[in-house]
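*Asks:* Provided herewith: data.txt, compact mmCIF, C-alpha atoms.
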```txt
# COMPACT_ATOMS: atom_id res chain seq x y z
CA MET I 452 3.08 -14.63 29.92
CA LEU I 453 3.42 -14.81 26.16
CA LEU I 454 3.89 -18.25 24.73
CA ALA I 455 7.20 -18.72 22.97
CA CYS I 456 5.33 -20.04 19.96
CA PRO I 457 1.79 -18.69 20.01
CA PRO I 458 -0.94 -20.99 18.75
CA VAL I 459 -2.24 -20.57 15.25
CA LYS I 460 -5.90 -20.80 14.56
CA PRO I 461 -6.46 -23.08 11.56
CA ALA I 462 -5.89 -26.82 11.83
CA PRO I 463 -2.68 -27.95 10.10
CA PHE I 464 -2.72 -28.67 6.37
CA GLU I 465 -0.33 -29.55 3.59
CA TYR I 466 0.16 -26.52 1.34
CA HIS I 467 0.54 -26.76 -2.42
CA ALA I 468 1.25 -23.79 -4.67
CA PRO I 469 1.19 -25.00 -8.29
CA GLU I 470 2.12 -22.58 -11.06
CA ARG I 471 0.01 -24.18 -13.78
CA LEU I 472 -3.66 -25.10 -13.95
CA ASP I 473 -2.95 -28.69 -15.03
CA GLU I 474 -0.67 -29.15 -12.01
CA ALA I 475 -3.44 -27.88 -9.78
CA ALA I 476 -5.93 -30.27 -11.39
CA GLN I 477 -3.48 -33.13 -10.92
CA LEU I 478 -3.07 -32.28 -7.22
CA LEU I 479 -6.83 -32.22 -6.76
CA ALA I 480 -7.18 -35.57 -8.51
CA GLU I 481 -4.52 -37.05 -6.24
CA HIS I 482 -6.03 -35.83 -2.99
CA ALA I 483 -9.72 -35.94 -3.97
CA ASP I 484 -11.96 -35.03 -1.03
CA GLU I 485 -8.99 -34.28 1.23
CA ALA I 486 -8.06 -31.19 -0.79
CA LYS I 487 -9.60 -27.74 -1.07
CA ILE I 488 -8.80 -24.94 -3.48
CA LEU I 489 -7.50 -21.71 -1.92
CA ALA I 490 -8.39 -18.77 -4.19
CA GLY I 491 -8.58 -15.32 -2.58
CA GLY I 492 -9.19 -16.91 0.81
CA GLN I 493 -11.66 -14.29 2.00
CA SER I 494 -14.31 -16.90 2.79
CA LEU I 495 -12.17 -20.00 3.23
CA ILE I 496 -9.61 -18.57 5.65
CA PRO I 497 -12.26 -17.32 8.13
CA MET I 498 -13.87 -20.76 8.03
CA LEU I 499 -10.50 -22.38 8.66
CA ALA I 500 -9.68 -19.88 11.42
CA LEU I 501 -12.97 -20.60 13.16
CA ARG I 502 -12.40 -24.31 12.54
CA LEU I 503 -15.79 -24.57 10.93
CA THR I 504 -13.94 -26.66 8.42
CA SER I 505 -10.52 -28.17 7.85
CA PHE I 506 -8.78 -29.90 4.97
CA PRO I 507 -5.61 -32.01 4.98
CA HIS I 508 -4.49 -30.30 1.74
CA LEU I 509 -4.89 -26.76 0.42
CA VAL I 510 -4.12 -26.08 -3.23
CA ASP I 511 -3.35 -22.36 -3.60
CA LEU I 512 -4.14 -21.01 -7.09
CA GLY I 513 -2.44 -17.67 -6.33
CA ARG I 514 0.70 -18.56 -8.34
CA VAL I 515 -1.18 -19.71 -11.45
CA ALA I 516 -0.57 -16.70 -13.69
CA ASP I 517 -2.78 -18.09 -16.45
CA LEU I 518 -5.84 -17.81 -14.21
CA ARG I 519 -5.78 -14.01 -14.09
CA GLY I 520 -7.15 -11.59 -16.62
CA VAL I 521 -10.17 -10.68 -18.71
CA GLU I 522 -10.92 -11.33 -22.38
CA GLN I 523 -13.74 -9.77 -24.37
CA ALA I 524 -14.88 -11.70 -27.43
CA ASN I 525 -17.99 -13.04 -29.16
CA GLY I 526 -20.43 -10.92 -27.21
CA SER I 527 -19.22 -11.87 -23.78
CA VAL I 528 -16.66 -11.01 -21.16
CA ARG I 529 -14.59 -13.97 -20.02
CA VAL I 530 -13.18 -13.45 -16.55
CA LYS I 531 -10.48 -15.87 -15.52
CA ALA I 532 -11.15 -17.31 -12.12
CA MET I 533 -8.37 -15.72 -10.05
CA THR I 534 -9.05 -12.18 -11.28
CA THR I 535 -9.74 -10.15 -8.16
CA GLN I 536 -13.06 -8.45 -7.63
CA ALA I 537 -11.16 -5.17 -7.26
CA ALA I 538 -9.55 -5.65 -10.69
CA ILE I 539 -13.01 -5.99 -12.27
CA GLU I 540 -14.33 -3.04 -10.25
CA LYS I 541 -11.55 -0.84 -11.61
CA ASP I 542 -11.84 -2.05 -15.22
CA ALA I 543 -14.11 0.45 -16.99
CA SER I 544 -14.30 -1.66 -20.15
CA VAL I 545 -15.78 -4.57 -18.17
CA GLY I 546 -18.23 -2.18 -16.52
CA ALA I 547 -19.32 -0.92 -19.93
CA ALA I 548 -19.75 -4.43 -21.35
CA VAL I 549 -21.38 -6.05 -18.30
CA PRO I 550 -22.84 -3.25 -16.17
CA LEU I 551 -24.26 -5.68 -13.62
CA LEU I 552 -20.73 -6.66 -12.60
CA ALA I 553 -19.80 -3.02 -12.03
CA LYS I 554 -22.93 -2.47 -9.95
CA ALA I 555 -22.77 -5.67 -7.90
CA ILE I 556 -19.08 -5.91 -7.07
CA PRO I 557 -18.90 -2.79 -4.83
CA LEU I 558 -21.42 -4.53 -2.54
CA ILE I 559 -19.09 -7.47 -1.91
CA GLY I 560 -17.52 -7.16 1.54
CA HIS I 561 -15.23 -4.14 1.90
CA PHE I 562 -12.53 -2.82 -0.40
CA GLN I 563 -9.88 -4.69 1.56
CA ILE I 564 -11.80 -7.93 0.93
CA ARG I 565 -12.27 -7.20 -2.78
CA ASN I 566 -8.53 -6.63 -3.14
CA ARG I 567 -8.01 -10.34 -2.38
CA GLY I 568 -11.38 -11.90 -3.17
CA THR I 569 -11.70 -13.40 -6.64
CA VAL I 570 -14.55 -13.67 -9.13
CA GLY I 571 -14.10 -17.42 -9.54
CA GLY I 572 -13.73 -17.99 -5.81
CA SER I 573 -16.97 -16.21 -5.04
CA ILE I 574 -18.90 -18.23 -7.62
CA ALA I 575 -17.29 -21.55 -6.67
CA HIS I 576 -17.94 -20.87 -2.98
CA ALA I 577 -21.65 -20.49 -3.85
CA ASP I 578 -22.71 -18.70 -0.73
CA PRO I 579 -26.46 -18.13 -1.09
CA ALA I 580 -26.15 -14.53 0.15
CA SER I 581 -23.41 -13.49 -2.26
CA GLU I 582 -23.74 -11.21 -5.23
CA LEU I 583 -21.72 -12.76 -8.06
CA PRO I 584 -23.58 -16.09 -8.19
CA ALA I 585 -26.81 -14.11 -8.67
CA VAL I 586 -25.21 -12.01 -11.42
CA ALA I 587 -24.01 -15.18 -13.15
CA LEU I 588 -27.47 -16.72 -12.88
CA ALA I 589 -29.36 -13.64 -14.10
CA LEU I 590 -27.08 -13.20 -17.11
CA ASP I 591 -26.95 -16.90 -18.06
CA ALA I 592 -23.20 -16.94 -17.61
CA SER I 593 -21.14 -19.95 -18.72
CA ILE I 594 -18.88 -21.41 -16.09
CA GLU I 595 -15.75 -23.25 -17.17
CA VAL I 596 -14.57 -26.03 -14.88
CA THR I 597 -11.28 -27.81 -15.39
CA GLY I 598 -10.33 -31.26 -14.23
CA LYS I 599 -7.37 -33.41 -15.13
CA GLY I 600 -9.33 -34.71 -18.13
CA GLY I 601 -9.93 -31.25 -19.56
CA THR I 602 -12.38 -28.37 -19.38
CA ARG I 603 -16.16 -28.47 -19.59
CA THR I 604 -18.69 -25.65 -19.53
CA VAL I 605 -21.64 -25.54 -17.16
CA ALA I 606 -24.55 -23.13 -17.55
CA ALA I 607 -25.06 -20.97 -14.46
CA ALA I 608 -28.63 -22.31 -14.29
CA ASP I 609 -27.21 -25.81 -13.70
CA PHE I 610 -24.30 -24.79 -11.49
CA PHE I 611 -25.69 -23.89 -8.06
CA GLU I 612 -27.09 -26.90 -6.20
CA GLY I 613 -27.29 -25.76 -2.58
CA THR I 614 -25.53 -23.78 0.12
CA TRP I 615 -21.81 -23.92 -0.77
CA THR I 616 -22.60 -26.77 -3.17
CA THR I 617 -22.14 -26.69 -6.95
CA ALA I 618 -22.17 -29.00 -9.94
CA MET I 619 -18.37 -29.21 -9.84
CA ALA I 620 -16.81 -32.57 -9.02
CA GLU I 621 -14.35 -32.76 -6.12
CA ASP I 622 -11.39 -32.78 -8.49
CA GLU I 623 -12.55 -29.91 -10.69
CA ILE I 624 -11.45 -26.26 -10.58
CA LEU I 625 -13.53 -23.31 -11.67
CA SER I 626 -11.22 -21.78 -14.28
CA ALA I 627 -13.25 -18.96 -15.90
CA VAL I 628 -16.69 -17.39 -16.14
CA SER I 629 -18.14 -15.85 -19.30
CA PHE I 630 -20.73 -13.13 -18.78
CA PRO I 631 -22.82 -12.31 -21.88
CA THR I 632 -22.93 -8.69 -23.02
CA TRP I 633 -26.41 -7.35 -23.71
CA SER I 634 -26.97 -5.18 -26.77
CA GLY I 635 -29.85 -2.85 -27.56
CA THR I 636 -31.50 -0.41 -25.20
CA THR I 637 -30.62 -1.91 -21.85
CA GLY I 638 -30.37 -1.01 -18.20
CA PHE I 639 -29.37 -2.80 -15.02
CA GLY I 640 -30.04 -2.51 -11.32
CA VAL I 641 -28.79 -4.05 -8.09
CA GLU I 642 -30.52 -3.66 -4.74
CA GLU I 643 -29.41 -5.17 -1.46
CA LEU I 644 -30.44 -4.94 2.17
CA ALA I 645 -27.65 -5.51 4.70
CA ARG I 646 -27.04 -4.42 8.28
CA ARG I 647 -24.20 -2.21 7.13
CA HIS I 648 -22.37 -1.79 3.85
CA GLY I 649 -20.44 -4.95 3.05
CA ASP I 650 -22.22 -7.25 5.46
CA PHE I 651 -23.92 -10.40 4.27
CA ALA I 652 -27.08 -9.55 2.36
CA ILE I 653 -30.34 -10.18 4.21
CA ALA I 654 -31.92 -10.07 0.76
CA GLY I 655 -30.72 -8.85 -2.60
CA VAL I 656 -31.76 -8.58 -6.24
CA VAL I 657 -29.95 -8.12 -9.54
CA ALA I 658 -31.98 -7.17 -12.60
CA GLY I 659 -31.53 -6.31 -16.26
CA VAL I 660 -34.05 -5.05 -18.80
CA GLU I 661 -34.02 -4.49 -22.53
CA LEU I 662 -36.52 -2.05 -24.00
CA ASP I 663 -38.26 -2.14 -27.36
CA GLY I 664 -39.58 1.40 -27.69
CA SER I 665 -41.37 1.97 -24.42
CA SER I 666 -42.13 -1.65 -23.58
CA VAL I 667 -40.01 -4.24 -21.86
CA LYS I 668 -38.70 -6.72 -24.42
CA ARG I 669 -36.57 -8.80 -22.08
CA ALA I 670 -36.03 -8.97 -18.35
CA ALA I 671 -33.58 -10.97 -16.25
CA ILE I 672 -33.97 -11.09 -12.48
CA ALA I 673 -32.18 -13.10 -9.80
CA LEU I 674 -32.53 -12.94 -6.02
CA PHE I 675 -29.94 -13.82 -3.41
CA GLY I 676 -30.12 -14.47 0.33
CA MET I 677 -33.60 -15.88 -0.25
CA ASP I 678 -32.92 -19.60 -0.60
CA SER I 679 -30.04 -22.08 -0.42
CA THR I 680 -28.96 -20.94 -3.90
CA PRO I 681 -29.47 -17.75 -5.88
CA VAL I 682 -32.91 -17.87 -7.48
CA ARG I 683 -33.90 -16.91 -11.00
CA ALA I 684 -37.26 -15.17 -10.88
CA SER I 685 -38.70 -16.43 -14.19
CA SER I 686 -42.29 -15.67 -13.24
CA ALA I 687 -41.37 -12.06 -12.40
CA GLU I 688 -39.50 -11.78 -15.70
CA ALA I 689 -42.61 -13.00 -17.51
CA ALA I 690 -44.81 -10.63 -15.50
CA VAL I 691 -42.86 -7.56 -16.52
CA THR I 692 -42.06 -8.51 -20.12
CA GLY I 693 -44.36 -6.81 -22.60
CA THR I 694 -45.46 -4.15 -20.11
CA SER I 695 -44.46 -0.50 -20.07
CA GLY I 696 -42.79 -1.01 -16.70
CA ALA I 697 -45.27 1.14 -14.80
CA ALA I 698 -45.13 1.10 -10.99
CA ALA I 699 -47.99 -1.43 -10.79
CA ASP I 700 -46.20 -3.76 -13.24
CA LEU I 701 -43.05 -3.67 -11.13
CA GLU I 702 -44.96 -4.30 -7.95
CA ALA I 703 -46.65 -7.28 -9.58
CA ALA I 704 -43.26 -8.57 -10.70
CA GLY I 705 -41.98 -8.24 -7.13
CA GLN I 706 -44.90 -10.26 -5.80
CA ALA I 707 -44.43 -12.89 -8.50
CA ALA I 708 -40.72 -13.18 -7.69
CA VAL I 709 -41.28 -14.15 -4.05
CA ALA I 710 -44.61 -16.01 -4.38
CA GLU I 711 -43.08 -19.47 -4.40
CA LEU I 712 -40.05 -18.79 -2.22
CA ASP I 713 -39.58 -19.98 1.33
CA PRO I 714 -36.60 -17.93 2.51
CA PRO I 715 -34.60 -18.82 5.61
CA THR I 716 -35.28 -17.28 9.02
CA ASP I 717 -32.28 -16.10 11.03
CA ILE I 718 -31.32 -13.48 13.61
CA HIS I 719 -31.46 -10.73 10.96
CA GLY I 720 -34.94 -11.44 9.65
CA SER I 721 -37.76 -13.91 9.47
CA SER I 722 -38.78 -15.75 6.34
CA ALA I 723 -41.86 -13.55 5.97
CA TYR I 724 -39.74 -10.39 6.36
CA ARG I 725 -37.35 -11.57 3.66
CA LYS I 726 -40.27 -12.17 1.30
CA LYS I 727 -41.59 -8.66 1.86
CA VAL I 728 -38.17 -7.13 1.41
CA GLY I 729 -37.45 -9.32 -1.63
CA ALA I 730 -40.60 -8.14 -3.41
CA VAL I 731 -39.76 -4.49 -2.74
CA LEU I 732 -36.15 -4.94 -3.86
CA VAL I 733 -37.26 -6.56 -7.14
CA ALA I 734 -39.41 -3.51 -7.90
CA ARG I 735 -36.59 -1.14 -6.95
CA ALA I 736 -33.97 -3.01 -8.98
CA LEU I 737 -36.29 -2.97 -12.00
CA THR I 738 -36.94 0.75 -11.48
CA GLN I 739 -33.22 1.37 -11.44
CA ALA I 740 -32.75 -0.76 -14.58
CA LEU I 741 -35.61 0.92 -16.45
CA GLU I 742 -34.37 4.40 -15.61
CA GLU I 743 -30.97 3.49 -16.94
CA ALA I 744 -32.44 1.98 -20.10
CA ARG I 745 -34.66 5.01 -20.74
CA ARG I 746 -31.70 7.35 -20.38
CA GLY I 747 -30.26 5.33 -23.27
CA MET Y 99 4.19 -30.04 9.41
CA ALA Y 100 6.42 -28.82 6.66
CA GLU Y 101 7.80 -25.34 6.94
CA PHE Y 102 8.08 -23.01 3.98
CA PRO Y 103 10.61 -20.28 3.34
CA VAL Y 104 9.15 -16.81 3.00
CA SER Y 105 10.82 -13.65 1.86
CA VAL Y 106 8.85 -10.43 2.14
CA THR Y 107 9.91 -6.81 1.88
CA VAL Y 108 8.35 -5.24 4.96
CA ASN Y 109 8.46 -1.45 5.20
CA GLY Y 110 11.31 -1.42 2.72
CA GLN Y 111 13.38 -3.98 4.58
CA ALA Y 112 13.93 -7.55 3.36
CA ARG Y 113 12.66 -10.10 5.86
CA ARG Y 114 13.19 -13.82 5.56
CA GLY Y 115 11.95 -16.70 7.61
CA THR Y 116 10.33 -20.08 7.57
CA VAL Y 117 6.70 -20.64 8.48
CA GLU Y 118 4.14 -23.30 8.87
CA ALA Y 119 1.64 -22.87 6.05
CA ARG Y 120 -1.23 -22.16 8.42
CA LYS Y 121 0.46 -19.14 9.97
CA THR Y 122 -1.21 -15.92 8.87
CA LEU Y 123 0.67 -12.91 7.57
CA ALA Y 124 -0.60 -11.04 10.66
CA ASP Y 125 0.93 -13.58 13.05
CA TRP Y 126 4.14 -13.65 11.05
CA LEU Y 127 4.47 -9.85 11.15
CA ARG Y 128 3.80 -9.77 14.87
CA ASP Y 129 5.64 -12.86 16.08
CA ASP Y 130 8.48 -13.27 13.60
CA CYS Y 131 9.11 -9.67 12.55
CA ASN Y 132 8.26 -8.19 15.97
CA LEU Y 133 6.07 -5.63 14.24
CA THR Y 134 3.31 -5.58 16.82
CA GLY Y 135 1.68 -2.41 15.48
CA THR Y 136 -0.53 -4.61 13.33
CA HIS Y 137 -3.31 -5.57 15.71
CA LEU Y 138 -5.41 -8.70 15.73
CA GLY Y 139 -9.00 -8.28 16.82
CA CYS Y 140 -11.37 -10.87 15.43
CA GLU Y 141 -8.86 -12.94 13.41
CA HIS Y 142 -11.50 -13.86 10.87
CA GLY Y 143 -11.79 -10.86 8.61
CA VAL Y 144 -14.50 -8.76 10.24
CA CYS Y 145 -12.86 -6.05 12.35
CA GLY Y 146 -10.14 -4.69 10.04
CA ALA Y 147 -7.61 -4.06 12.84
CA CYS Y 148 -4.95 -6.13 11.03
CA THR Y 149 -5.10 -4.23 7.72
CA VAL Y 150 -1.76 -3.86 5.93
CA ILE Y 151 -0.79 -2.79 2.43
CA MET Y 152 0.36 -5.72 0.31
CA ASP Y 153 1.70 -5.06 -3.19
CA GLY Y 154 0.05 -1.65 -3.18
CA VAL Y 155 -3.42 -2.59 -1.94
CA ALA Y 156 -4.97 -2.80 1.51
CA VAL Y 157 -5.66 -6.35 2.70
CA ARG Y 158 -6.62 -8.03 5.94
CA SER Y 159 -3.43 -9.72 7.10
CA CYS Y 160 -5.43 -12.28 9.11
CA LEU Y 161 -6.91 -13.50 5.81
CA VAL Y 162 -3.59 -14.02 4.05
CA PHE Y 163 -1.27 -16.86 4.94
CA ALA Y 164 2.35 -15.77 5.25
CA VAL Y 165 3.31 -18.28 2.53
CA GLN Y 166 0.93 -16.49 0.15
CA ALA Y 167 2.79 -13.24 0.80
CA ASP Y 168 6.13 -14.75 -0.24
CA GLY Y 169 7.79 -12.37 -2.72
CA SER Y 170 5.48 -9.46 -1.95
CA GLU Y 171 5.99 -5.98 -0.55
CA VAL Y 172 4.15 -5.17 2.64
CA THR Y 173 3.68 -1.85 4.42
CA THR Y 174 2.48 -1.93 8.02
CA ILE Y 175 1.51 0.90 10.34
CA GLU Y 176 5.18 1.10 11.35
CA GLY Y 177 6.09 1.99 7.77
CA LEU Y 178 3.84 5.01 7.30
CA ALA Y 179 5.66 7.75 9.21
CA ALA Y 180 8.80 9.28 7.71
CA GLU Y 181 12.15 8.08 9.02
CA ASP Y 182 12.61 11.26 11.04
CA GLY Y 183 9.35 10.54 12.86
CA THR Y 184 7.18 12.99 10.91
CA LEU Y 185 3.73 11.51 10.97
CA HIS Y 186 1.90 10.43 7.83
CA PRO Y 187 -0.90 12.96 7.08
CA VAL Y 188 -3.49 10.34 8.09
CA GLN Y 189 -1.76 9.73 11.43
CA ASP Y 190 -1.50 13.45 12.02
CA ALA Y 191 -5.19 13.99 11.20
CA PHE Y 192 -6.32 11.15 13.50
CA GLN Y 193 -4.38 12.77 16.33
CA LYS Y 194 -5.74 16.26 15.66
CA CYS Y 195 -9.37 15.17 15.15
CA HIS Y 196 -9.52 12.73 18.07
CA GLY Y 197 -9.96 9.89 15.61
CA LEU Y 198 -8.92 7.42 18.26
CA GLN Y 199 -9.54 6.66 21.87
CA CYS Y 200 -8.24 3.33 23.18
CA GLY Y 201 -6.16 2.93 20.02
CA PHE Y 202 -6.67 -0.75 19.39
CA CYS Y 203 -8.39 -0.36 16.02
CA THR Y 204 -6.27 2.63 15.01
CA PRO Y 205 -3.50 0.91 13.02
CA GLY Y 206 -6.09 -0.81 10.84
CA PHE Y 207 -8.01 2.40 10.32
CA ILE Y 208 -4.92 4.42 9.47
CA VAL Y 209 -3.54 1.89 7.02
CA SER Y 210 -6.98 1.49 5.41
CA VAL Y 211 -7.53 5.25 5.14
CA ALA Y 212 -4.03 5.87 3.75
CA SER Y 213 -4.74 3.33 1.03
CA PHE Y 214 -8.32 4.55 0.46
CA LEU Y 215 -7.15 8.15 -0.06
CA GLU Y 216 -4.61 7.05 -2.65
CA GLU Y 217 -7.52 5.84 -4.78
CA HIS Y 218 -10.08 8.46 -3.71
CA PRO Y 219 -8.13 11.69 -3.22
CA ASN Y 220 -11.27 13.80 -2.89
CA PRO Y 221 -13.96 11.59 -1.37
CA ASP Y 222 -17.48 12.68 -0.45
CA ASP Y 223 -19.11 11.63 2.83
CA THR Y 224 -20.77 8.54 1.34
CA GLU Y 225 -17.50 7.34 -0.17
CA ILE Y 226 -15.71 7.91 3.14
CA ARG Y 227 -18.33 5.94 5.07
CA GLU Y 228 -18.14 3.09 2.58
CA GLY Y 229 -14.37 3.22 2.71
CA LEU Y 230 -14.45 2.96 6.51
CA SER Y 231 -17.06 0.21 6.59
CA GLY Y 232 -14.46 -2.55 6.75
CA ASN Y 233 -13.04 -1.32 10.05
CA ILE Y 234 -14.73 -1.46 13.43
CA CYS Y 235 -14.11 1.06 16.22
CA ARG Y 236 -15.81 0.54 19.57
CA CYS Y 237 -14.80 3.80 21.27
CA THR Y 238 -15.08 6.87 19.13
CA GLY Y 239 -18.50 6.68 17.51
CA TYR Y 240 -16.66 7.32 14.21
CA GLN Y 241 -17.31 11.08 14.01
CA GLY Y 242 -13.72 11.96 14.85
CA ILE Y 243 -12.54 9.38 12.34
CA LEU Y 244 -14.71 10.91 9.59
CA GLN Y 245 -13.28 14.35 10.37
CA ALA Y 246 -9.78 12.92 10.30
CA VAL Y 247 -10.30 11.40 6.86
CA LYS Y 248 -11.50 14.76 5.53
CA MET Y 249 -8.57 16.60 7.06
CA ALA Y 250 -6.09 14.05 5.75
CA ALA Y 251 -7.62 14.26 2.26
CA GLU Y 252 -7.17 18.04 2.25
CA THR Y 253 -3.62 17.83 3.55
CA MET Y 254 -2.64 15.18 1.03
CA GLN Y 255 -4.19 17.12 -1.86
CA SER Y 256 -2.46 20.35 -0.99
CA ALA Y 257 0.87 18.59 -0.47
```
Output the file's structure as structure tokens, nothing else.
*Replies:*
Amino acid sequence: MLLACPPVKPAPFEYHAPERLDEAAQLLAEHADEAKILAGGQSLIPMLALRLTSFPHLVDLGRVADLRGVEQANGSVRVKAMTTQAAIEKDASVGAAVPLLAKAIPLIGHFQIRNRGTVGGSIAHADPASELPAVALALDASIEVTGKGGTRTVAAADFFEGTWTTAMAEDEILSAVSFPTWSGTTGFGVEELARRHGDFAIAGVVAGVELDGSSVKRAAIALFGMDSTPVRASSAEAAVTGTSGAAADLEAAGQAAVAELDPPTDIHGSSAYRKKVGAVLVARALTQALEEARRG
Amino acid sequence: MAEFPVSVTVNGQARRGTVEARKTLADWLRDDCNLTGTHLGCEHGVCGACTVIMDGVAVRSCLVFAVQADGSEVTTIEGLAAEDGTLHPVQDAFQKCHGLQCGFCTPGFIVSVASFLEEHPNPDDTEIREGLSGNICRCTGYQGILQAVKMAAETMQSA
């Protein structure tokens, strides 16, 4: 027999839907660790539904109009936090300015997820297997976080502290992310291994290169799914910089990238498997980036 | 728990109600609007059976709280066919190509594909497979579904 009032899955919570960022910050300050921000909800709502987590208060940013949109200025693209991943995917001017975003976003979940999922939400959630934190890290993005006292900027390198843990205080809201635009002869690549398109990455790599003639002048590489945070592969960047980007150089960079990592083991792959895959993906992502750069 | 008023245009018809904040759009459509065509499989965003179109884009209705949908326009599987019962081209193609078997996943597939084809009117096989990757079918083996998407794309383009 059907219940007259069927059960709902998440634990009860108080719902707040502020229309301004300062109201949202005020609500967070009031409820401190009892409150959680609801952005696109594509990670939070499953966790609530499975009762992996619960919060007495949810502060929904969906009605804060000022948190949506993209601005391009001063050599970077500033994406306001509640801009959906789909909106960025469909914005050709963002893809031209920050090609890594255009290449990485289609790998996030499925199109139905990207229609709700937000850029800020993905970065604030800081899942170690997700794409956008790695893009932010590789590009040295600046992350704006707003509390009731105002807004401060955190470098991506200082932002990710552990699985689902960031440098934001409990009463702060990620309000925007600025991704630098690269100039010169550049190319970008994203490689990811997942069980099927849109699943969590077993391992993934984002990479950018800038060429000076035929040699690599600058490289930026970040791995995801390989540690409790996305990882910047500085030693691999150093290994490939100054070379012509020949196959052996890229292979060496791949080895350098995973040399000091101790990736997690789970049902989808052992730590050793992830290291092997990670090294291969670094070489492939660099190949992709170099091909794009050489095409000009 | 406090209840919140919601007002949503569902399949062209204004629907009003009050909900607990934790009630999903999927549960609200099924329980409060009696639109049980939207199916709930996993209820945590993996299977795609609950896909509906909200403000013009396909979303998983189990990953939207009904309060978040307040003021929006939603199309469910019930809203795709014409009023005289003429099937939507995607529904028609699923029927003709055996794109379904038990039918549980079908509403989610059809709504997803209808939305996908709006944005990709002439998709290649890779695009179709990516477009279908957010929906799980346990009966068909997907081949009939792939054929149905191709047929629907042709029908919709020639229409």
*Asks:* Counting only C-alpha atoms, collect the residues of chain Y whose closest atom lies at most 9 Å from chain I, and write them out as JSON, numbers by chain.
*Replies:* {"Y": [99, 100, 118, 119, 120, 121, 122, 125, 129, 141, 142, 143, 146, 149, 155, 156, 157, 158, 160, 161, 162, 163, 165, 166, 210, 214, 227, 228, 229, 230, 231, 232, 233]}
*Asks:* Tell me, as a ChimeraX atom specification, which residues lie within 8 Å of Lys726 of chain I, counting only C-alpha atoms; anything in the same chain fewer than 5 positions away does not count.
*Replies:* /I:677,709,712-714
*Asks:* Write out, as a CSV table (one decimal), keeping the file's coordinate frame, the residues just selected, with C-alpha atoms.
*Replies:*
```csv
chain,number,residue,atom,x,y,z
I,677,MET,CA,-33.6,-15.9,-0.2
I,709,VAL,CA,-41.3,-14.2,-4.0
I,712,LEU,CA,-40.0,-18.8,-2.2
I,713,ASP,CA,-39.6,-20.0,1.3
I,714,PRO,CA,-36.6,-17.9,2.5
```
*Asks:* Anything within 10 Å of (9.7, -7.9, 7.3): list those residues as an MDAnalysis selection string, counting all atoms listed in the file and sticking to the file's coordinates.
*Replies:* chainID Y and resid 104:115 126:128 130:133 171:174
*Asks:* Taking 4 positions as the minimum chain separation for residues in the same chain, which residues sit within 12 Å of Phe202 of chain Y when counting only C-alpha atoms? Answer as a list in words.
*Replies:* Thr134, Gly135, Thr136, His137, Leu138, Gly139, Cys140, Cys145, Gly146, Ala147, Cys148, Gly197, Leu198, Gly206, Phe207, Ile208, Asn233, Ile234, Cys235, Arg236, Cys237 and Thr238 of chain Y
*Asks:* What does the distance between atom CA of Ser213 of chain Y and atom CA of Leu178 of chain Y come to in Å, to one decimal place?
*Replies:*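 Interatomic distance here is 10.8 Å.
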*Asks:* Report the distance between atom CA of Pro187 of chain Y and atom CA of Ala246 of chain Y in Å, rounded to one decimal place.
*Replies:*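 So the answer is 9.4 Å.
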*Asks:* Could you tell me how far atom CA of Ile243 of chain Y lies from atom CA of Gln193 of chain Y, in Å and to one decimal?
*Replies:*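 That distance, rounded to one decimal, is 9.7 Å.
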*Asks:* Distance table requested - segment 476-522 of chain I against segment 542-546 of chain I, cut-off 12 Å, only C-alpha atoms: one row per qualifying residue with the closest atom pair and its distance in Å to one decimal, ordered by chain and rising residue number, as CSV.
*Replies:*
```
residue,atom,partner,partner_atom,distance
I:Gly520,CA,I:Asp542,CA,10.7
I:Val521,CA,I:Val545,CA,8.3
I:Glu522,CA,I:Val545,CA,9.3
```
*Asks:* With a distance cut-off of 9 Å and all atoms listed in the file, select the neighbouring residues of Ala703 of chain I, excluding the residue or stretch itself and same-chain residues fewer than 3 positions from it, and output the selection as an mmCIF file with C-alpha atoms, keeping the file's coordinate frame.
*Replies:*
```
data_model
loop_
_atom_site.group_PDB
_atom_site.id
_atom_site.type_symbol
_atom_site.label_atom_id
_atom_site.label_comp_id
_atom_site.auth_asym_id
_atom_site.auth_seq_id
_atom_site.Cartn_x
_atom_site.Cartn_y
_atom_site.Cartn_z
ATOM 1 C CA ALA I 687 -41.370 -12.060 -12.400
ATOM 2 C CA ALA I 690 -44.810 -10.630 -15.500
ATOM 3 C CA VAL I 691 -42.860 -7.560 -16.520
ATOM 4 C CA ALA I 698 -45.130 1.100 -10.990
ATOM 5 C CA ALA I 699 -47.990 -1.430 -10.790
ATOM 6 C CA ASP I 700 -46.200 -3.760 -13.240
ATOM 7 C CA GLN I 706 -44.900 -10.260 -5.800
ATOM 8 C CA ALA I 707 -44.430 -12.890 -8.500
ATOM 9 C CA ALA I 708 -40.720 -13.180 -7.690
ATOM 10 C CA ALA I 730 -40.600 -8.140 -3.410
ATOM 11 C CA ALA I 734 -39.410 -3.510 -7.900
#
```
